[in-house]
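Trainee: Structure file my_file21.cif, mmCIF, C-alpha atoms and all ligand atoms, is pasted below:
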```
data_my_file
loop_
_atom_site.label_atom_id
_atom_site.label_comp_id
_atom_site.auth_asym_id
_atom_site.auth_seq_id
_atom_site.Cartn_x
_atom_site.Cartn_y
_atom_site.Cartn_z
CA MET A 1 8.08 23.96 5.80
CA PHE A 2 4.56 23.60 4.56
CA PRO A 3 2.84 20.38 3.66
CA LEU A 4 2.81 19.63 0.00
CA ARG A 5 -0.61 20.38 -1.33
CA HIS A 6 -2.55 17.78 -3.18
CA THR A 7 -2.90 19.32 -6.61
CA GLN A 8 -5.65 17.14 -7.99
CA PRO A 9 -8.54 19.38 -9.08
CA ALA A 10 -11.66 18.99 -6.99
CA VAL A 11 -14.40 17.35 -8.99
CA PRO A 12 -17.29 19.79 -9.24
CA THR A 13 -20.45 18.51 -7.56
CA ALA A 14 -23.34 17.12 -9.55
CA GLY A 15 -25.41 20.25 -9.05
CA GLY A 16 -22.55 22.23 -10.48
CA HIS A 17 -22.29 24.35 -7.34
CA SER A 18 -18.85 23.74 -6.01
CA GLU A 19 -17.26 25.78 -3.28
CA SER A 20 -16.66 29.33 -4.44
CA THR A 21 -13.26 30.97 -4.27
CA ALA A 22 -14.86 33.80 -2.29
CA THR A 23 -14.20 31.71 0.82
CA THR A 24 -10.82 30.39 -0.35
CA PRO A 25 -7.80 31.88 1.39
CA ARG A 26 -5.76 34.06 -0.88
CA GLY A 27 -2.37 33.18 -2.14
CA SER A 28 -0.94 36.63 -2.60
CA VAL A 29 2.33 38.50 -2.78
CA ALA A 30 3.20 40.57 0.29
CA ARG A 31 6.64 41.74 -0.81
CA LEU A 32 8.54 41.57 -4.07
CA ASP A 33 12.28 42.18 -4.48
CA LEU A 34 13.95 42.38 -7.86
CA THR A 35 17.71 42.55 -8.41
CA ASN A 36 19.14 43.12 -11.88
CA PHE A 37 15.95 41.82 -13.42
CA ARG A 38 15.24 43.31 -16.89
CA ASN A 39 15.02 47.10 -16.51
CA TYR A 40 14.92 46.88 -12.68
CA GLU A 41 18.33 47.24 -11.10
CA ASN A 42 16.77 47.12 -7.65
CA LEU A 43 13.17 47.16 -6.62
CA ARG A 44 11.34 46.49 -3.38
CA LEU A 45 7.56 46.52 -3.41
CA ASP A 46 5.28 45.92 -0.41
CA VAL A 47 1.68 45.29 -1.33
CA ALA A 48 -1.62 44.29 0.23
CA SER A 49 -3.57 41.26 -0.97
CA SER A 50 -6.15 43.24 -2.96
CA PRO A 51 -5.93 43.53 -6.78
CA LEU A 52 -3.25 45.82 -8.23
CA VAL A 53 -3.31 48.17 -11.18
CA LEU A 54 0.07 48.97 -12.73
CA ALA A 55 -0.28 51.92 -15.03
CA GLY A 56 2.40 53.73 -16.96
CA PRO A 57 3.80 54.54 -20.37
CA ASN A 58 5.18 52.08 -22.90
CA GLY A 59 8.52 50.65 -21.87
CA ALA A 60 8.07 51.54 -18.19
CA GLY A 61 8.49 48.01 -16.85
CA LYS A 62 4.91 46.81 -16.33
CA THR A 63 5.19 43.53 -18.24
CA ASN A 64 8.65 42.94 -16.77
CA LEU A 65 7.12 43.03 -13.30
CA LEU A 66 4.49 40.43 -14.24
CA GLU A 67 7.19 38.32 -15.85
CA ALA A 68 9.19 38.42 -12.61
CA LEU A 69 6.16 37.16 -10.69
CA SER A 70 5.51 34.45 -13.28
CA LEU A 71 8.97 33.00 -12.57
CA LEU A 72 7.91 32.14 -9.02
CA VAL A 73 6.07 29.09 -10.35
CA PRO A 74 7.53 26.19 -12.37
CA GLY A 75 8.18 26.92 -16.02
CA ARG A 76 9.87 29.59 -18.07
CA GLY A 77 7.72 32.58 -17.19
CA LEU A 78 5.13 34.42 -19.21
CA ARG A 79 7.44 35.40 -22.07
CA ARG A 80 9.20 32.01 -22.10
CA ALA A 81 12.35 33.98 -22.74
CA PRO A 82 15.91 32.71 -22.24
CA LEU A 83 17.02 33.26 -18.64
CA ALA A 84 20.16 35.16 -19.70
CA GLU A 85 18.03 37.70 -21.56
CA MET A 86 16.40 38.76 -18.29
CA ALA A 87 19.61 40.11 -16.77
CA TYR A 88 19.70 43.88 -16.40
CA ARG A 89 21.68 45.70 -19.03
CA SER A 90 22.10 49.39 -19.69
CA ALA A 91 23.38 51.11 -22.80
CA GLY A 92 27.09 50.63 -23.36
CA GLU A 93 27.37 48.12 -20.54
CA ALA A 94 27.55 44.34 -20.60
CA ALA A 95 24.56 42.51 -19.15
CA ARG A 96 24.87 41.73 -15.44
CA PRO A 97 25.80 38.09 -14.85
CA ASN A 98 23.03 37.38 -12.31
CA TRP A 99 19.49 38.31 -11.59
CA ALA A 100 17.12 37.47 -8.76
CA VAL A 101 13.44 37.64 -8.01
CA ALA A 102 12.27 37.10 -4.45
CA ALA A 103 8.84 37.34 -2.90
CA ARG A 104 7.10 36.80 0.36
CA ILE A 105 3.88 34.96 -0.41
CA ARG A 106 0.94 34.94 1.95
CA HIS A 107 0.18 31.28 2.08
CA THR A 108 -2.76 29.42 3.57
CA ASP A 109 -0.49 28.06 6.29
CA GLY A 110 1.51 31.24 6.87
CA ASP A 111 4.03 33.20 4.84
CA VAL A 112 6.58 31.58 2.61
CA GLN A 113 9.69 33.18 1.10
CA LEU A 114 10.26 32.16 -2.51
CA GLY A 115 13.18 33.13 -4.65
CA THR A 116 14.44 32.34 -8.09
CA GLY A 117 17.38 33.61 -10.04
CA PHE A 118 19.93 33.06 -12.70
CA ASP A 119 23.63 32.61 -12.24
CA GLY A 120 25.42 33.28 -15.50
CA ALA A 121 28.85 33.47 -13.89
CA VAL A 122 29.17 29.69 -13.54
CA THR A 123 29.58 27.11 -16.32
CA PRO A 124 27.10 26.02 -17.30
CA PRO A 125 24.88 28.94 -16.23
CA ARG A 126 22.10 27.80 -13.93
CA ARG A 127 18.75 28.72 -12.53
CA THR A 128 18.53 28.88 -8.77
CA VAL A 129 15.49 28.42 -6.54
CA ARG A 130 15.13 29.16 -2.83
CA ILE A 131 12.19 28.11 -0.71
CA ASN A 132 12.43 29.74 2.68
CA ARG A 133 16.09 29.14 3.53
CA ASP A 134 16.57 26.02 1.46
CA ASN A 135 17.71 25.45 -2.10
CA GLY A 136 14.99 23.95 -4.22
CA THR A 137 14.07 23.09 -7.77
CA PRO A 138 11.75 25.04 -10.07
CA ALA A 139 9.28 22.13 -9.89
CA ALA A 140 9.17 22.41 -6.09
CA LEU A 141 7.76 25.94 -6.37
CA ALA A 142 4.43 24.40 -7.40
CA ALA A 143 3.68 23.47 -3.81
CA TYR A 144 3.84 27.10 -2.67
CA ALA A 145 2.59 29.31 -5.45
CA SER A 146 0.49 29.16 -8.57
CA ALA A 147 -0.12 31.78 -11.20
CA VAL A 148 -2.39 32.29 -14.17
CA TRP A 149 -1.39 34.75 -16.83
CA LEU A 150 -2.82 36.44 -19.84
CA THR A 151 -0.68 38.40 -22.29
CA PRO A 152 -1.47 40.35 -25.46
CA GLU A 153 0.34 37.60 -27.43
CA MET A 154 -2.49 35.26 -26.42
CA ASP A 155 -5.17 37.50 -27.95
CA ARG A 156 -5.20 35.47 -31.16
CA LEU A 157 -5.32 32.11 -29.45
CA PHE A 158 -8.66 31.07 -30.96
CA GLN A 159 -7.56 32.08 -34.46
CA ASP A 160 -4.01 30.79 -34.24
CA ALA A 161 -2.88 27.47 -35.61
CA VAL A 162 -3.48 24.38 -33.54
CA ALA A 163 0.29 24.26 -33.04
CA THR A 164 -0.15 27.23 -30.68
CA ARG A 165 -3.40 26.14 -29.06
CA ARG A 166 -2.40 22.59 -28.14
CA PRO A 167 0.70 23.61 -26.15
CA PHE A 168 -1.43 26.30 -24.50
CA LEU A 169 -3.88 23.64 -23.34
CA ASP A 170 -1.04 21.40 -22.22
CA ARG A 171 0.43 24.20 -20.12
CA LEU A 172 -2.94 24.52 -18.38
CA VAL A 173 -2.98 20.77 -17.72
CA PHE A 174 0.55 21.05 -16.38
CA GLY A 175 -0.75 23.36 -13.61
CA PHE A 176 -2.65 20.37 -12.22
CA HIS A 177 -0.50 17.48 -13.33
CA PRO A 178 3.20 18.37 -13.31
CA GLU A 179 3.95 14.96 -14.85
CA HIS A 180 2.00 15.96 -17.97
CA ALA A 181 5.04 17.81 -19.37
CA SER A 182 7.40 14.85 -19.02
CA ARG A 183 4.76 12.55 -20.52
CA ILE A 184 4.51 14.77 -23.56
CA SER A 185 8.25 14.89 -24.07
CA ALA A 186 8.52 11.10 -23.65
CA TYR A 187 5.66 10.66 -26.11
CA ASP A 188 7.28 13.00 -28.65
CA GLN A 189 10.58 11.21 -28.31
CA ALA A 190 8.97 7.80 -28.87
CA ARG A 191 7.12 9.24 -31.85
CA ARG A 192 10.39 10.40 -33.42
CA GLU A 193 12.07 7.09 -32.68
CA ARG A 194 9.27 5.12 -34.35
CA LEU A 195 9.21 7.38 -37.38
CA LYS A 196 12.93 7.00 -37.82
CA LEU A 197 12.63 3.21 -37.81
CA LEU A 198 9.79 3.37 -40.31
CA THR A 199 11.44 5.81 -42.69
CA ASP A 200 14.78 3.97 -42.44
CA GLY A 201 12.93 0.79 -43.42
CA VAL A 202 13.81 -1.05 -40.19
CA HIS A 203 11.13 -3.72 -39.92
CA ASP A 204 11.94 -4.93 -36.44
CA GLN A 205 8.42 -5.96 -35.35
CA ALA A 206 9.25 -6.37 -31.67
CA TRP A 207 11.01 -3.04 -31.48
CA LEU A 208 8.17 -1.21 -33.22
CA ALA A 209 5.58 -2.97 -31.07
CA ALA A 210 7.42 -1.94 -27.89
CA ILE A 211 7.51 1.71 -28.98
CA GLU A 212 3.85 1.61 -29.95
CA GLU A 213 2.95 0.09 -26.59
CA ARG A 214 4.67 2.99 -24.89
CA LEU A 215 3.07 5.53 -27.22
CA ALA A 216 -0.35 4.07 -26.46
CA GLU A 217 0.18 4.25 -22.71
CA LEU A 218 1.53 7.80 -22.77
CA GLY A 219 -0.93 8.98 -25.40
CA VAL A 220 -3.93 7.82 -23.41
CA ALA A 221 -2.61 9.40 -20.21
CA ILE A 222 -2.05 12.69 -22.06
CA ALA A 223 -5.50 12.66 -23.64
CA ALA A 224 -7.20 11.67 -20.38
CA ALA A 225 -5.60 14.57 -18.48
CA ARG A 226 -6.73 17.00 -21.20
CA ASN A 227 -10.25 15.57 -21.17
CA GLU A 228 -10.43 15.91 -17.42
CA LEU A 229 -9.35 19.54 -17.46
CA VAL A 230 -11.68 20.50 -20.30
CA ALA A 231 -14.64 18.87 -18.50
CA GLN A 232 -13.83 20.76 -15.32
CA LEU A 233 -13.36 24.04 -17.15
CA ASN A 234 -16.73 23.55 -18.87
CA SER A 235 -18.34 22.87 -15.54
CA VAL A 236 -16.96 26.12 -14.05
CA LEU A 237 -17.82 28.05 -17.22
CA ALA A 238 -21.40 26.81 -17.04
CA GLU A 239 -21.89 27.69 -13.40
CA THR A 240 -20.37 31.18 -13.38
CA ALA A 241 -23.08 33.64 -14.26
CA THR A 242 -21.35 36.66 -15.75
CA ASP A 243 -21.95 39.31 -18.33
CA PHE A 244 -19.38 37.60 -20.51
CA PRO A 245 -20.28 35.61 -23.61
CA ARG A 246 -20.98 31.97 -22.78
CA LEU A 247 -18.10 29.75 -23.79
CA ALA A 248 -18.02 25.99 -24.27
CA LEU A 249 -14.85 23.97 -24.83
CA ALA A 250 -14.31 20.69 -26.59
CA LEU A 251 -11.35 18.56 -27.56
CA ALA A 252 -11.04 17.48 -31.16
CA GLY A 253 -8.82 14.43 -31.20
CA ASP A 254 -9.18 10.74 -31.92
CA VAL A 255 -7.90 9.47 -28.59
CA GLU A 256 -9.79 12.11 -26.59
CA THR A 257 -12.99 11.05 -28.39
CA TRP A 258 -12.36 7.32 -27.87
CA LEU A 259 -11.94 8.01 -24.15
CA GLN A 260 -15.47 9.37 -24.00
CA GLU A 261 -16.74 6.01 -25.20
CA ALA A 262 -14.47 3.40 -23.63
CA ARG A 263 -12.26 2.76 -20.63
CA ALA A 264 -8.62 3.80 -20.68
CA LEU A 265 -7.24 0.27 -21.05
CA ALA A 266 -9.47 -0.43 -24.04
CA VAL A 267 -8.40 2.87 -25.60
CA GLU A 268 -4.74 1.97 -25.09
CA ASP A 269 -5.36 -1.25 -27.05
CA ARG A 270 -7.18 0.67 -29.73
CA LEU A 271 -4.40 3.24 -30.10
CA ARG A 272 -1.73 0.54 -30.16
CA ASP A 273 -3.62 -1.34 -32.88
CA ALA A 274 -4.20 1.85 -34.86
CA LEU A 275 -0.49 2.63 -34.73
CA ALA A 276 0.44 -0.87 -35.87
CA ALA A 277 -2.02 -0.59 -38.74
CA SER A 278 -0.74 2.79 -39.78
CA ARG A 279 2.98 1.99 -40.10
CA ALA A 280 3.08 2.02 -43.90
CA ALA A 281 0.93 5.16 -44.14
CA ASP A 282 3.04 6.93 -41.49
CA ALA A 283 6.26 6.00 -43.26
CA GLN A 284 4.89 7.41 -46.47
CA ALA A 285 3.48 10.57 -44.87
CA GLY A 286 6.67 11.12 -42.87
CA ARG A 287 4.61 11.69 -39.70
CA MET A 288 2.40 9.83 -37.29
CA LEU A 289 -1.18 10.09 -38.47
CA VAL A 290 -2.95 9.04 -35.30
CA GLY A 291 -2.54 10.15 -31.69
CA PRO A 292 -3.03 13.04 -29.29
CA HIS A 293 -0.17 15.08 -30.81
CA ARG A 294 -2.77 16.06 -33.41
CA SER A 295 -5.57 17.14 -31.06
CA ASP A 296 -7.03 20.61 -30.90
CA LEU A 297 -8.91 22.67 -28.34
CA ARG A 298 -12.17 23.99 -29.76
CA ALA A 299 -14.10 26.85 -28.21
CA THR A 300 -17.64 27.77 -29.13
CA HIS A 301 -19.61 30.91 -28.41
CA VAL A 302 -22.72 29.29 -26.96
CA GLY A 303 -25.04 32.15 -27.84
CA TYR A 304 -23.95 32.36 -31.48
CA GLY A 305 -23.27 28.66 -31.90
CA HIS A 306 -20.10 29.33 -33.85
CA PRO A 307 -16.39 29.07 -33.04
CA ILE A 308 -14.89 31.82 -30.87
CA GLY A 309 -12.35 32.28 -33.67
CA MET A 310 -15.17 33.74 -35.78
CA CYS A 311 -16.13 36.27 -33.09
CA SER A 312 -15.08 39.91 -32.97
CA THR A 313 -11.73 40.94 -31.49
CA GLY A 314 -13.35 42.11 -28.25
CA GLU A 315 -15.53 39.01 -27.99
CA GLN A 316 -12.46 36.81 -28.42
CA LYS A 317 -10.64 38.74 -25.73
CA ALA A 318 -13.63 38.45 -23.39
CA ALA A 319 -13.75 34.71 -24.03
CA LEU A 320 -10.06 34.39 -23.24
CA VAL A 321 -10.46 36.37 -20.01
CA LEU A 322 -13.37 34.14 -19.05
CA LEU A 323 -11.37 30.99 -19.82
CA MET A 324 -8.42 32.11 -17.71
CA LEU A 325 -10.70 33.10 -14.84
CA ALA A 326 -12.32 29.67 -14.96
CA TYR A 327 -8.87 28.11 -14.86
CA ALA A 328 -7.91 30.29 -11.89
CA GLU A 329 -11.10 29.20 -10.13
CA LEU A 330 -10.25 25.53 -10.70
CA LEU A 331 -6.70 26.02 -9.43
CA ALA A 332 -8.02 27.78 -6.35
CA ARG A 333 -10.40 24.92 -5.57
CA ALA A 334 -7.78 22.26 -6.11
CA ARG A 335 -5.09 23.97 -4.07
CA GLY A 336 -7.23 25.57 -1.40
CA GLN A 337 -5.75 28.96 -2.16
CA THR A 338 -6.17 31.47 -4.94
CA PRO A 339 -3.45 31.72 -7.60
CA LEU A 340 -1.82 34.99 -8.60
CA LEU A 341 -3.53 36.46 -11.62
CA LEU A 342 -1.11 38.22 -13.97
CA PHE A 343 -3.16 39.96 -16.64
CA ASP A 344 -1.11 42.11 -18.98
CA GLU A 345 -3.06 44.81 -20.82
CA VAL A 346 -6.21 43.01 -19.87
CA THR A 347 -8.58 45.85 -20.76
CA ALA A 348 -7.38 46.14 -24.37
CA HIS A 349 -10.33 45.42 -26.71
CA LEU A 350 -12.81 45.08 -23.82
CA ASP A 351 -15.77 47.44 -23.76
CA GLY A 352 -17.13 49.01 -20.57
CA ALA A 353 -19.56 46.17 -19.88
CA HIS A 354 -16.91 43.46 -20.27
CA ARG A 355 -14.47 45.46 -18.15
CA ALA A 356 -17.06 45.87 -15.39
CA ALA A 357 -17.88 42.14 -15.51
CA PHE A 358 -14.19 41.29 -15.25
CA PHE A 359 -13.58 43.63 -12.31
CA ALA A 360 -16.67 42.30 -10.50
CA ARG A 361 -15.44 38.75 -10.98
CA ILE A 362 -11.94 39.28 -9.61
CA LEU A 363 -13.31 41.17 -6.60
CA ASP A 364 -15.75 38.34 -6.01
CA MET A 365 -12.99 35.75 -6.27
CA GLY A 366 -10.88 37.68 -3.76
CA ILE A 367 -7.91 37.09 -5.97
CA GLN A 368 -4.73 39.18 -6.14
CA ALA A 369 -4.95 40.22 -9.77
CA TRP A 370 -1.99 42.17 -11.16
CA MET A 371 -3.32 44.20 -14.08
CA THR A 372 -1.37 46.49 -16.35
CA GLY A 373 -2.42 49.26 -18.68
CA THR A 374 -1.09 52.42 -20.23
CA GLU A 375 -4.18 54.40 -19.16
CA ILE A 376 -5.33 54.45 -15.57
CA GLY A 377 -8.82 55.70 -16.44
CA VAL A 378 -10.12 52.33 -17.64
CA PHE A 379 -9.63 50.95 -14.13
CA ARG A 380 -11.68 53.68 -12.39
CA GLU A 381 -14.39 51.24 -11.25
CA LEU A 382 -11.73 49.60 -9.08
CA ARG A 383 -11.03 52.80 -7.16
CA GLY A 384 -10.99 52.10 -3.43
CA ARG A 385 -10.91 48.33 -4.05
CA ALA A 386 -7.54 47.94 -5.75
CA GLN A 387 -4.03 49.29 -5.24
CA PHE A 388 -3.04 51.76 -7.93
CA LEU A 389 0.65 51.94 -8.77
CA THR A 390 2.30 54.11 -11.37
CA VAL A 391 5.28 52.63 -13.19
CA VAL A 392 7.62 55.04 -14.91
CA ASN A 393 11.11 54.10 -15.99
CA ALA A 394 11.40 51.12 -13.61
CA THR A 395 10.26 53.25 -10.66
CA ILE A 396 7.02 52.46 -8.90
CA THR A 397 5.01 55.01 -6.94
N1 LIG B 1 17.46 42.67 -19.85
C1 LIG B 1 17.01 43.93 -19.90
N2 LIG B 1 17.73 44.91 -19.31
C2 LIG B 1 17.30 46.18 -19.31
N3 LIG B 1 16.15 46.58 -19.88
C3 LIG B 1 15.39 45.63 -20.48
C4 LIG B 1 15.79 44.26 -20.51
N4 LIG B 1 14.84 43.57 -21.17
C5 LIG B 1 13.91 44.45 -21.55
N5 LIG B 1 14.23 45.70 -21.13
C6 LIG B 1 13.49 46.95 -21.28
O1 LIG B 1 12.55 47.07 -20.25
C7 LIG B 1 11.64 48.09 -20.62
C8 LIG B 1 10.29 47.80 -20.05
O2 LIG B 1 9.72 46.69 -20.71
P1 LIG B 1 8.24 46.21 -20.42
O3 LIG B 1 7.92 45.20 -21.43
O4 LIG B 1 8.10 45.86 -18.99
O5 LIG B 1 7.43 47.56 -20.70
P2 LIG B 1 5.89 47.87 -20.45
O6 LIG B 1 5.80 48.84 -19.32
O7 LIG B 1 5.16 46.61 -20.31
O8 LIG B 1 5.51 48.63 -21.78
P3 LIG B 1 4.28 48.48 -22.81
O9 LIG B 1 3.22 49.41 -22.32
O10 LIG B 1 4.85 48.96 -24.09
O11 LIG B 1 3.87 47.07 -22.85
C9 LIG B 1 11.68 48.17 -22.12
O12 LIG B 1 12.17 49.44 -22.50
C10 LIG B 1 12.65 47.08 -22.54
O13 LIG B 1 13.43 47.45 -23.65
MG MG B 2 3.91 45.61 -21.56
#
```
Output the file's structure as structure tokens, nothing else.
Mentor:
Amino acid sequence: MFPLRHTQPAVPTAGGHSESTATTPRGSVARLDLTNFRNYENLRLDVASSPLVLAGPNGAGKTNLLEALSLLVPGRGLRRAPLAEMAYRSAGEAARPNWAVAARIRHTDGDVQLGTGFDGAVTPPRRTVRINRDNGTPAALAAYASAVWLTPEMDRLFQDAVATRRPFLDRLVFGFHPEHASRISAYDQARRERLKLLTDGVHDQAWLAAIEERLAELGVAIAAARNELVAQLNSVLAETATDFPRLALALAGDVETWLQEARALAVEDRLRDALAASRAADAQAGRMLVGPHRSDLRATHVGYGHPIGMCSTGEQKAALVLLMLAYAELLARARGQTPLLLFDEVTAHLDGAHRAAFFARILDMGIQAWMTGTEIGVFRELRGRAQFLTVVNATIT
């Protein structure tokens, strides 16, 4: 077994020059085995730790492969699809009851064998996890592997509604603070409970005060973790000189802003008081009008001085690539090993200069980037420095 890694992000130094990932050992896949996973009945793939290009026609199985890799870390994978949907099915045949994804990961302290799967033959169906020879939980995978992904669905992130952007940010926080997810669900549950009391006209002061106390505690912890991540991302974004547009992030939220001005305990008091004062208004509005469930992630193009959401399609994509690379850099520093980078159709919308800047950056980071595309030509600058695989009809050559 390997020691559990401390997953607290390293605080960047005052000069802004923290240790670069170029010297960080790689966390990379050595071997991948798929059984009955999506369109792969059986696949074994042995790869080196350099970046990989997966090229092939639509429907070949490129995204499915990235999705399989994304299931080797806690969470629901890059499509967040139901587990049963991932079981191999062919025309005229029922879906297979089980699927499995297994990989040998080159780890800082040696290799580790990770596996995850779905057993639909038992009631209730369950997800299985294996770490070396032992059964484990999805959460336990965090100690052995991390992954950062980018999918075409994320292309509109900066234009989408805040309801998309806030969970996106929270998933990033979750990579550093696994407890962030349970805090958010506890917070949401308390929020619903309080609203029900208010709308039902239950004026039990002690009960409401107890819920608000809890909301204040959880809300401040949630906002503080977001603030911390955004500050660290900004620090990495400012120090990485690239040919990408300069990007600056900010959190728009009452509690996040209060935390910039006062200590956490004082902010807890302030949030609790604000909730108590807003009971009548919340009851009338049918929702809670104050708290970090309303916060948004703002991104600004530093050169233009306007929101990234106003930028061109390609500029937005470049900003997103830059953001995810900064996140990967932070993860690498915190964990002492590079995460897997799963970038689906990464070159779409990027011009030659942005592509070249992206390729230079991943080579510099020494990260195992898995990149897909329908055309191999756009990856030509990586020739000799990446592994080129062709995917056709679930077969990889
Ligand atoms: N459970 C499943 N069983 C069998 N095939 C599946 C399953 N789920 C999805 N597929 C099929 O897998 C194929 C490959 O999908 P995938 O998304 O990996 O394609 P892709 O190579 O990324 O294509 P594109 O270039 O269009 O993005 C698709 O034809 C899809 O219909
Ligand atoms: Mg695809």
Trainee: Just give me the gap between atom CA of A:Met86 and atom O2 of ligand LIG 1 (chain B) in Å, one decimal is fine.
Mentor: 10.6 Å
Trainee: Determine, using only C-alpha atoms and all ligand atoms, which residues of chain A have any atom at most 10 Å from an atom of ligand LIG 1 (chain B), and tabulate each with its shortest atom pair and distance in Å to one decimal place, rows ordered by chain and then rising number, as JSON lines.
Mentor:
```
{"residue": "A:Asn36", "atom": "CA", "partner": "B:LIG1", "partner_atom": "N2", "distance": 7.8}
{"residue": "A:Phe37", "atom": "CA", "partner": "B:LIG1", "partner_atom": "N1", "distance": 6.7}
{"residue": "A:Arg38", "atom": "CA", "partner": "B:LIG1", "partner_atom": "C1", "distance": 3.5}
{"residue": "A:Asn39", "atom": "CA", "partner": "B:LIG1", "partner_atom": "N3", "distance": 3.6}
{"residue": "A:Tyr40", "atom": "CA", "partner": "B:LIG1", "partner_atom": "C2", "distance": 7.1}
{"residue": "A:Glu41", "atom": "CA", "partner": "B:LIG1", "partner_atom": "C2", "distance": 8.3}
{"residue": "A:Leu54", "atom": "CA", "partner": "B:LIG1", "partner_atom": "O6", "distance": 8.7}
{"residue": "A:Ala55", "atom": "CA", "partner": "B:LIG1", "partner_atom": "O6", "distance": 8.1}
{"residue": "A:Gly56", "atom": "CA", "partner": "B:LIG1", "partner_atom": "O6", "distance": 6.4}
{"residue": "A:Pro57", "atom": "CA", "partner": "B:LIG1", "partner_atom": "O9", "distance": 5.5}
{"residue": "A:Asn58", "atom": "CA", "partner": "B:LIG1", "partner_atom": "O10", "distance": 3.4}
{"residue": "A:Gly59", "atom": "CA", "partner": "B:LIG1", "partner_atom": "O5", "distance": 3.5}
{"residue": "A:Ala60", "atom": "CA", "partner": "B:LIG1", "partner_atom": "O6", "distance": 3.7}
{"residue": "A:Gly61", "atom": "CA", "partner": "B:LIG1", "partner_atom": "O4", "distance": 3.1}
{"residue": "A:Lys62", "atom": "CA", "partner": "B:LIG1", "partner_atom": "O6", "distance": 3.7}
{"residue": "A:Thr63", "atom": "CA", "partner": "B:LIG1", "partner_atom": "O7", "distance": 3.7}
{"residue": "A:Asn64", "atom": "CA", "partner": "B:LIG1", "partner_atom": "O4", "distance": 3.7}
{"residue": "A:Leu65", "atom": "CA", "partner": "B:LIG1", "partner_atom": "O4", "distance": 6.4}
{"residue": "A:Leu66", "atom": "CA", "partner": "B:LIG1", "partner_atom": "O4", "distance": 8.1}
{"residue": "A:Glu67", "atom": "CA", "partner": "B:LIG1", "partner_atom": "O4", "distance": 8.2}
{"residue": "A:Ala68", "atom": "CA", "partner": "B:LIG1", "partner_atom": "O4", "distance": 9.9}
{"residue": "A:Arg79", "atom": "CA", "partner": "B:LIG1", "partner_atom": "O3", "distance": 9.8}
{"residue": "A:Leu83", "atom": "CA", "partner": "B:LIG1", "partner_atom": "N1", "distance": 9.5}
{"residue": "A:Ala84", "atom": "CA", "partner": "B:LIG1", "partner_atom": "N1", "distance": 8.0}
{"residue": "A:Glu85", "atom": "CA", "partner": "B:LIG1", "partner_atom": "N1", "distance": 5.3}
{"residue": "A:Met86", "atom": "CA", "partner": "B:LIG1", "partner_atom": "N1", "distance": 4.3}
{"residue": "A:Ala87", "atom": "CA", "partner": "B:LIG1", "partner_atom": "N1", "distance": 4.5}
{"residue": "A:Tyr88", "atom": "CA", "partner": "B:LIG1", "partner_atom": "N2", "distance": 3.7}
{"residue": "A:Arg89", "atom": "CA", "partner": "B:LIG1", "partner_atom": "N2", "distance": 4.0}
{"residue": "A:Ser90", "atom": "CA", "partner": "B:LIG1", "partner_atom": "C2", "distance": 5.8}
{"residue": "A:Ala91", "atom": "CA", "partner": "B:LIG1", "partner_atom": "C2", "distance": 8.6}
{"residue": "A:Ala94", "atom": "CA", "partner": "B:LIG1", "partner_atom": "N2", "distance": 9.9}
{"residue": "A:Ala95", "atom": "CA", "partner": "B:LIG1", "partner_atom": "N1", "distance": 7.1}
{"residue": "A:Arg96", "atom": "CA", "partner": "B:LIG1", "partner_atom": "N1", "distance": 8.7}
{"residue": "A:Trp99", "atom": "CA", "partner": "B:LIG1", "partner_atom": "N1", "distance": 9.6}
{"residue": "A:Thr151", "atom": "CA", "partner": "B:LIG1", "partner_atom": "O11", "distance": 9.8}
{"residue": "A:Pro152", "atom": "CA", "partner": "B:LIG1", "partner_atom": "O11", "distance": 9.0}
{"residue": "A:Asp344", "atom": "CA", "partner": "B:LIG1", "partner_atom": "O7", "distance": 7.8}
{"residue": "A:Glu345", "atom": "CA", "partner": "B:LIG1", "partner_atom": "O11", "distance": 7.6}
{"residue": "A:Thr372", "atom": "CA", "partner": "B:LIG1", "partner_atom": "O7", "distance": 7.6}
{"residue": "A:Gly373", "atom": "CA", "partner": "B:LIG1", "partner_atom": "O9", "distance": 6.7}
{"residue": "A:Thr374", "atom": "CA", "partner": "B:LIG1", "partner_atom": "O9", "distance": 5.7}
{"residue": "A:Glu375", "atom": "CA", "partner": "B:LIG1", "partner_atom": "O9", "distance": 9.5}
{"residue": "A:Val391", "atom": "CA", "partner": "B:LIG1", "partner_atom": "O6", "distance": 7.2}
{"residue": "A:Val392", "atom": "CA", "partner": "B:LIG1", "partner_atom": "O6", "distance": 7.8}
{"residue": "A:Asn393", "atom": "CA", "partner": "B:LIG1", "partner_atom": "C8", "distance": 7.5}
{"residue": "A:Ala394", "atom": "CA", "partner": "B:LIG1", "partner_atom": "C8", "distance": 7.3}
```
Trainee: If we draw a sphere of 12 Å around (9.3, -2.8, -36.0), which residues have at least one atom in it when counting only C-alpha atoms? Please report them as number ranges by chain.
Mentor: A: 193-213, 275-277, 279-280, 283
Trainee: For stretch 228-248 of chain A against stretch 221-224 of chain A, with a cut-off of 12 Å and counting only C-alpha atoms, what is the closest atom pair and its distance in Å to one decimal for every residue that makes the cut, ordered by chain and number, as a Markdown table?
Mentor:
```
| residue | atom | partner | partner_atom | distance |
| --- | --- | --- | --- | --- |
| A:Glu228 | CA | A:Ala224 | CA | 6.1 |
| A:Leu229 | CA | A:Ala224 | CA | 8.7 |
| A:Val230 | CA | A:Ala224 | CA | 9.9 |
| A:Ala231 | CA | A:Ala224 | CA | 10.5 |
```
Trainee: Of the candidates A:Ala319, A:Leu45, A:Ala147, A:Ala348, which one gets nearest to ligand MG 2 (chain B) if we count only C-alpha atoms and all ligand atoms?
Mentor: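 Smallest separation from ligand MG 2 (chain B) among the options: A:Ala348.
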